[in-house]
Structure formats: structure tokens, C-alpha cells
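Okay, so here's the structure we're looking at.
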Amino acid sequence: MPADDSMYGLLDPGMDVSARRSSQVVENTIMNEKGIPLGKLVLSDGPAYGDEILNNVMSGWVAASIVAVLLAALAGWYFSNRITTPITALTQITSRMAAGDLGARADVLSTDEIGVLGHSFNEMASRVEEMVGTLRSFVADAAHELHTPITALQTNLELARDEGNASALTLYLSRAQEQGQRLEALVKNLLDLSRIESSAVQSNFAEVDISQIIREMAEQFASRAEQANRIFSLELPDEKVFITGNEIQLKQVFNNLLDNALKFTRETDSINVAVKNLQNEIMITIKDSGVGISREDLPHLFKRFHRGRNVSEFSGNGLGLAIAKAIVEGHGGSVDGMSRGIGNGSEFTVTLPAPS
């Protein structure tokens with residue numbers, strides 16, 4: 001007899017199974033306790049719950065797949081938008097900078113890889129803006145410094161051309177020659193500074209005795225100081241002091257510093273040079289009791305073309321200290337200047353790393 005489908009109602013009470021019946025048949029022989037067959041139980045034409053369950057499962061998988069695809073597409077759009085938006089913004093900033101807007105900066109709003117890239121771009125842009133500004137200032141200052149002697153040279157040559165008096169002619173030509181020499185010195189210093197700052201000077205480094213270099217330079221300036229009625233003294237350690245560096249450039253550093261010390265001192269003023277071999281560094285100090293440096297000029301000592309307010313009557317082009325600074329920093333060291341007050345002298349200290 002057909003099985004009652006009410007016993008399966010717990011699976012799905014609302015399921016209509018009157019039209020769909022299972023084709024499976026289950027037979028079981030009923031035996032008594034003695035093993036004698038009493039009859040046969042046959043189950044057939046049952047409700048098709050398997051098909052319904054399979055259909056329900058398939059429908060669920062289809063629905064879940066559609067939802068998963070939609071969620072994946074939404075997540076992909078969201079994350080791709082998070083990646084492409086800052087990259088697009090950075091591309092626009094780069095285009096602005098390439099068009100000449102050196103003040104363009106990226107908005108760094110995160111700390112991920114895109115944020116790090118934006119931060120690096122801003123650092124690069126700041127350095128480029130600083131370098132371009134320095135270059136513009138350098139060109140302007142150089143043009144100004146070159147303009148003055150050129151104008152004076154042309155003026156003296158024009159006066160000499162029209163001058164009939166021999167003594168006056170000689171005077172104008174002498175002044176023109178002085179301006180020509182000034183131009184030559186200025187151009188030479190500019191070329192030296194450009195070469196020092198742009199080339200890899202460390203390729204020419206070798207072991208040099210810095211105390212011997214100072215001794216040789218001091219001998220030259222001690223003679224000049226004596227002739228100019230200045231007091232010159234030298235303090236050197238007993239042992240040799242070796243460093244790794246370019247001997248020619250180091251001589252140029254101390255030539256510039258000693259030349260300034262001699263230039264900006266008066267009769268009976270003193271100049272002292274001392275070398276100290278410390279544990280990890282070599283310190284060379286040049287002191288004088290000359291005109292000194294004003295407080296306003298101290299922050300600008302090593303800038304190109306800068307000249308102190310109280311030294312306008314002295315010759316020079318304001319490049320000596322800039323060259324010295326570039327050379328010393330190229331050797332991994334530092335150079336500092338201080339003043340003991342106007343009229344009380346100044347002190348410059350060069351610090352170079354000792355060989356390890």
C-alpha cells in the first residue's frame with residue numbers, strides 16, 4: 001500500500017508531493033523468531049524528497065554564486081578605485097611639476113605603499129625646487145659680480161682710448177688691467193666651485209699627512225705675515241697626522257682661510273694655526289685678532305658671493321669660504337666660523353674624519 005506522506009512533513013510542511021513520487025522500491029522480508037518467512041514488506045511510490053532537496057540546494061548555490069559575484073565585483077571596484085585615485089592624482093601633480101609648477105605637492109593621506117610613494121615624490125620635489133632656486137640665485141649673483149668689473153673695465157678702456165695725456169693713459173690702462181685680473185680670479189673661482197660640487201673628488205683620495213700640509217702652508221703665510229707686520233704662530237702635534245683626502249684641494253682650503261686671516265688683520269694683529277689629533281677626528285683651528293665678523297653676517301659666511309658688511313674696503317669676490325666648505329664637506333668633514341666681536345677677530349675650525 002502507498003506510504004503516508006504525513007510522516008515526512010517535518011522536512012517541509014508546505015511541500016506539495018502529490019504530483020511527484022519517487023521511483024525507488026525497497027523490499028524487506030519479514031521473518032519470525034524461527035527464521036520462517038512470514039511475508040514481504042515493499043516500500044514504493046514514496047514522496048520525491050531527494051529531488052526537491054537537490055533542487056533546493058542547486059537554487060541556493062545559484063543564488064549564493066550570484067551574490068558572491070556581485071560582492072566580488074563591488075570589492076574589486078572599491079579597492080581598484082582606492083589604488084587608481086591616488087595614482088591618478090600623483091600623475092596630475094607630476095604633470096604640473098613638469099610644466100614648471102615647482103611648488104606642486106602630492107596629498108599624502110595614507111601610510112601604505114602609495115603614501116610612501118607620495119612622500120618620496122614630495123621630498124624629491126622639495127629638493128628640485130631648492131636646487132632650481134639655488135641655481136637661479138647663483139646665476140643672478142654671478143651676473144651681478146661679473147657686471148661690476150666688466151663695467152669698470154669698459155669705462156677705463158674708453159677713457160684710455162680718448163686720453164692724450166700719457167700719465168693719465170697709463171693710469172686708465174692700469175685700472176683696466178686690475179679689473180681684468182679681478183674678472184680672471186672670479187671666473188677661476190667659479191670654475192673651481194663648479195668642478196668641486198659636480199665631480200666625484202673622492203676618486204682622487206689618498207693618504208696624506210695633514211700636519212705636513214699645514215706646515216707647508218704656514219711657512220708661506222708666516223713670511224707674508226712678517227712682511228705685513230703681523231704675528232704668526234703655529235701649533236702642531238709631535239707625531240704625523242694622516243687622513244684620507246685630496247692634497248691639492250686641502251691646500252686650497254687652508255690657503256683660502258689663511259689668506260682671509262691675513263687680509264682681515266691689521267698691523268701687530270696675531271694669527272694662530274693649531275692642529276689637534278683627537279680620537280675620531282682631526283681639528284684644525286685658525287684664529288686671528290682682526291676685524292671680526294658681525295652677528296648679522298655669521299649665518300651667511302659660507303654662501304656664494306656673500307661679503308661681510310665691515311669688509312667692503314677689502315678686495316675679494318665672496319667665493320673663498322664657499323669653496324672651502326664644498327671641499328671639506330666632500331672629505332666628509334665640516335667647517336665652522338665664529339666671531340669674537342667686531343674688531344676682536346674671528347675663528348675658523350675645520351674638522352676632518354680620522355682614518356679608521
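Every chain in the C-alpha cells has a letter given in the order shown (A, B, ...), and although residue numbers restart at 1 in each chain, ligands are simply numbered from 1 in the order shown.
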As a VMD selection string, please: all residues of stretch 99-223 of chain A that backbone DSSP puts in strand (DSSP E). chain A and resid 206 to 209
Resulting file, chosen residues, C-alpha atoms, as a short mmCIF file (atom, residue, chain, number, x, y, z; two decimals), in the first residue's frame:
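Ended up saving to selection-v8.cif:
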data_model
loop_
_atom_site.label_atom_id
_atom_site.label_comp_id
_atom_site.auth_asym_id
_atom_site.auth_seq_id
_atom_site.Cartn_x
_atom_site.Cartn_y
_atom_site.Cartn_z
CA ALA A 206 94.98 59.11 -0.98
CA GLU A 207 96.66 59.02 2.40
CA VAL A 208 98.16 62.44 3.19
CA ASP A 209 99.92 63.93 6.21
#
Might you pull out every residue within 8 Å of stretch 255-261 of chain A, with only C-alpha atoms counted and same-chain residues fewer than 5 positions away left off, and present them as an MDAnalysis selection string? chainID A and resid 217 221 271 286:288 290 320:321 324 348
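Every protein or nucleic acid residue with an atom no more than 12 Å from A:Ile87, counting only C-alpha atoms and leaving out same-chain residues fewer than 2 positions away, appears here: Ser80, Asn81, Arg82, Ile83, Thr84, Thr85, Ala89, Leu90, Thr91, Gln92, Ile93, Thr94, Ala106, Asp107, Val108, Glu113, Ile114, Gly115, Val116, Leu117, Gly118 and Phe121 of chain A.
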Which value, in Å to one decimal, gives the distance between atom CA of A:Gly345 and atom CA of A:Lys276? 21.0 Å
Residue neighbourhood stretch 235-249 of chain A, 12 Å, only C-alpha atoms, exclusion window fewer than 5 positions, as a ChimeraX atom specification: /A:192-193,195-196,200-218,254-256,271-287,323-333,351-356
Store the residues of this selection in a file with C-alpha atoms, as a short mmCIF file (atom, residue, chain, number, x, y, z; two decimals), in the first residue's frame.
data_model
loop_
_atom_site.label_atom_id
_atom_site.label_comp_id
_atom_site.auth_asym_id
_atom_site.auth_seq_id
_atom_site.Cartn_x
_atom_site.Cartn_y
_atom_site.Cartn_z
CA ASP A 192 86.73 75.64 -9.18
CA LEU A 193 83.47 75.69 -7.22
CA ARG A 195 84.11 71.37 -10.53
CA ILE A 196 84.27 70.61 -6.80
CA ALA A 200 83.43 62.77 -7.61
CA VAL A 201 86.51 64.13 -5.84
CA GLN A 202 86.89 61.03 -3.70
CA SER A 203 88.24 59.14 -6.70
CA ASN A 204 91.49 61.11 -6.24
CA PHE A 205 91.79 60.48 -2.50
CA ALA A 206 94.98 59.11 -0.98
CA GLU A 207 96.66 59.02 2.40
CA VAL A 208 98.16 62.44 3.19
CA ASP A 209 99.92 63.93 6.21
CA ILE A 210 97.69 66.86 7.19
CA SER A 211 100.30 68.21 9.63
CA GLN A 212 102.82 68.42 6.78
CA ILE A 213 100.29 70.26 4.60
CA ILE A 214 99.63 72.78 7.39
CA ARG A 215 103.38 73.22 7.97
CA GLU A 216 104.00 73.98 4.27
CA MET A 217 101.09 76.44 4.10
CA ALA A 218 102.15 78.10 7.37
CA PHE A 254 93.84 76.35 4.10
CA ASN A 255 95.11 78.80 1.51
CA ASN A 256 91.65 80.44 1.44
CA ILE A 271 97.23 84.79 13.54
CA ASN A 272 97.37 81.36 15.17
CA VAL A 273 97.10 77.96 13.48
CA ALA A 274 96.66 74.81 15.60
CA VAL A 275 96.25 71.13 14.69
CA LYS A 276 94.74 68.67 17.19
CA ASN A 277 94.64 64.92 16.73
CA LEU A 278 91.52 63.81 18.59
CA GLN A 279 90.21 60.27 18.94
CA ASN A 280 87.94 60.14 15.90
CA GLU A 281 88.68 63.39 14.12
CA ILE A 282 91.35 65.90 13.19
CA MET A 283 90.67 69.53 14.13
CA ILE A 284 92.46 72.46 12.52
CA THR A 285 91.78 75.89 14.03
CA ILE A 286 92.75 79.25 12.52
CA LYS A 287 92.33 82.23 14.86
CA ILE A 323 84.91 76.74 -1.99
CA ALA A 324 86.46 75.75 1.35
CA LYS A 325 83.10 74.46 2.61
CA ALA A 326 82.47 72.41 -0.55
CA ILE A 327 85.92 70.78 -0.34
CA VAL A 328 85.72 69.99 3.38
CA GLU A 329 82.24 68.50 3.08
CA GLY A 330 83.45 66.46 0.12
CA HIS A 331 86.01 64.98 2.53
CA GLY A 332 83.25 64.05 5.00
CA GLY A 333 84.13 66.90 7.37
CA THR A 351 87.06 69.13 11.30
CA LEU A 352 88.06 66.10 9.23
CA PRO A 353 87.40 62.43 9.99
CA ALA A 354 90.36 60.41 11.24
CA PRO A 355 91.11 57.23 9.26
CA SER A 356 89.53 54.15 10.80
#
As a PyMOL selection string, which residues of stretch 106-251 of chain A does DSSP assign to alpha helix (DSSP H)? chain A and resi 113-162+166-198+210-227+247-251
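Atom pair atom CA of A:Gly343 / atom CA of A:Gly292: separated by 5.2 Å.
What separates atom CA of A:Glu226 from atom CA of A:Asp269 is a distance of 11.0 Å.
The residue set within 10 Å of A:Glu178, counting only C-alpha atoms and dropping same-chain residues fewer than 5 places from it, reads Pro149, Ala152, Leu153, Tyr172, Leu173, Leu183 and Glu184 of chain A.
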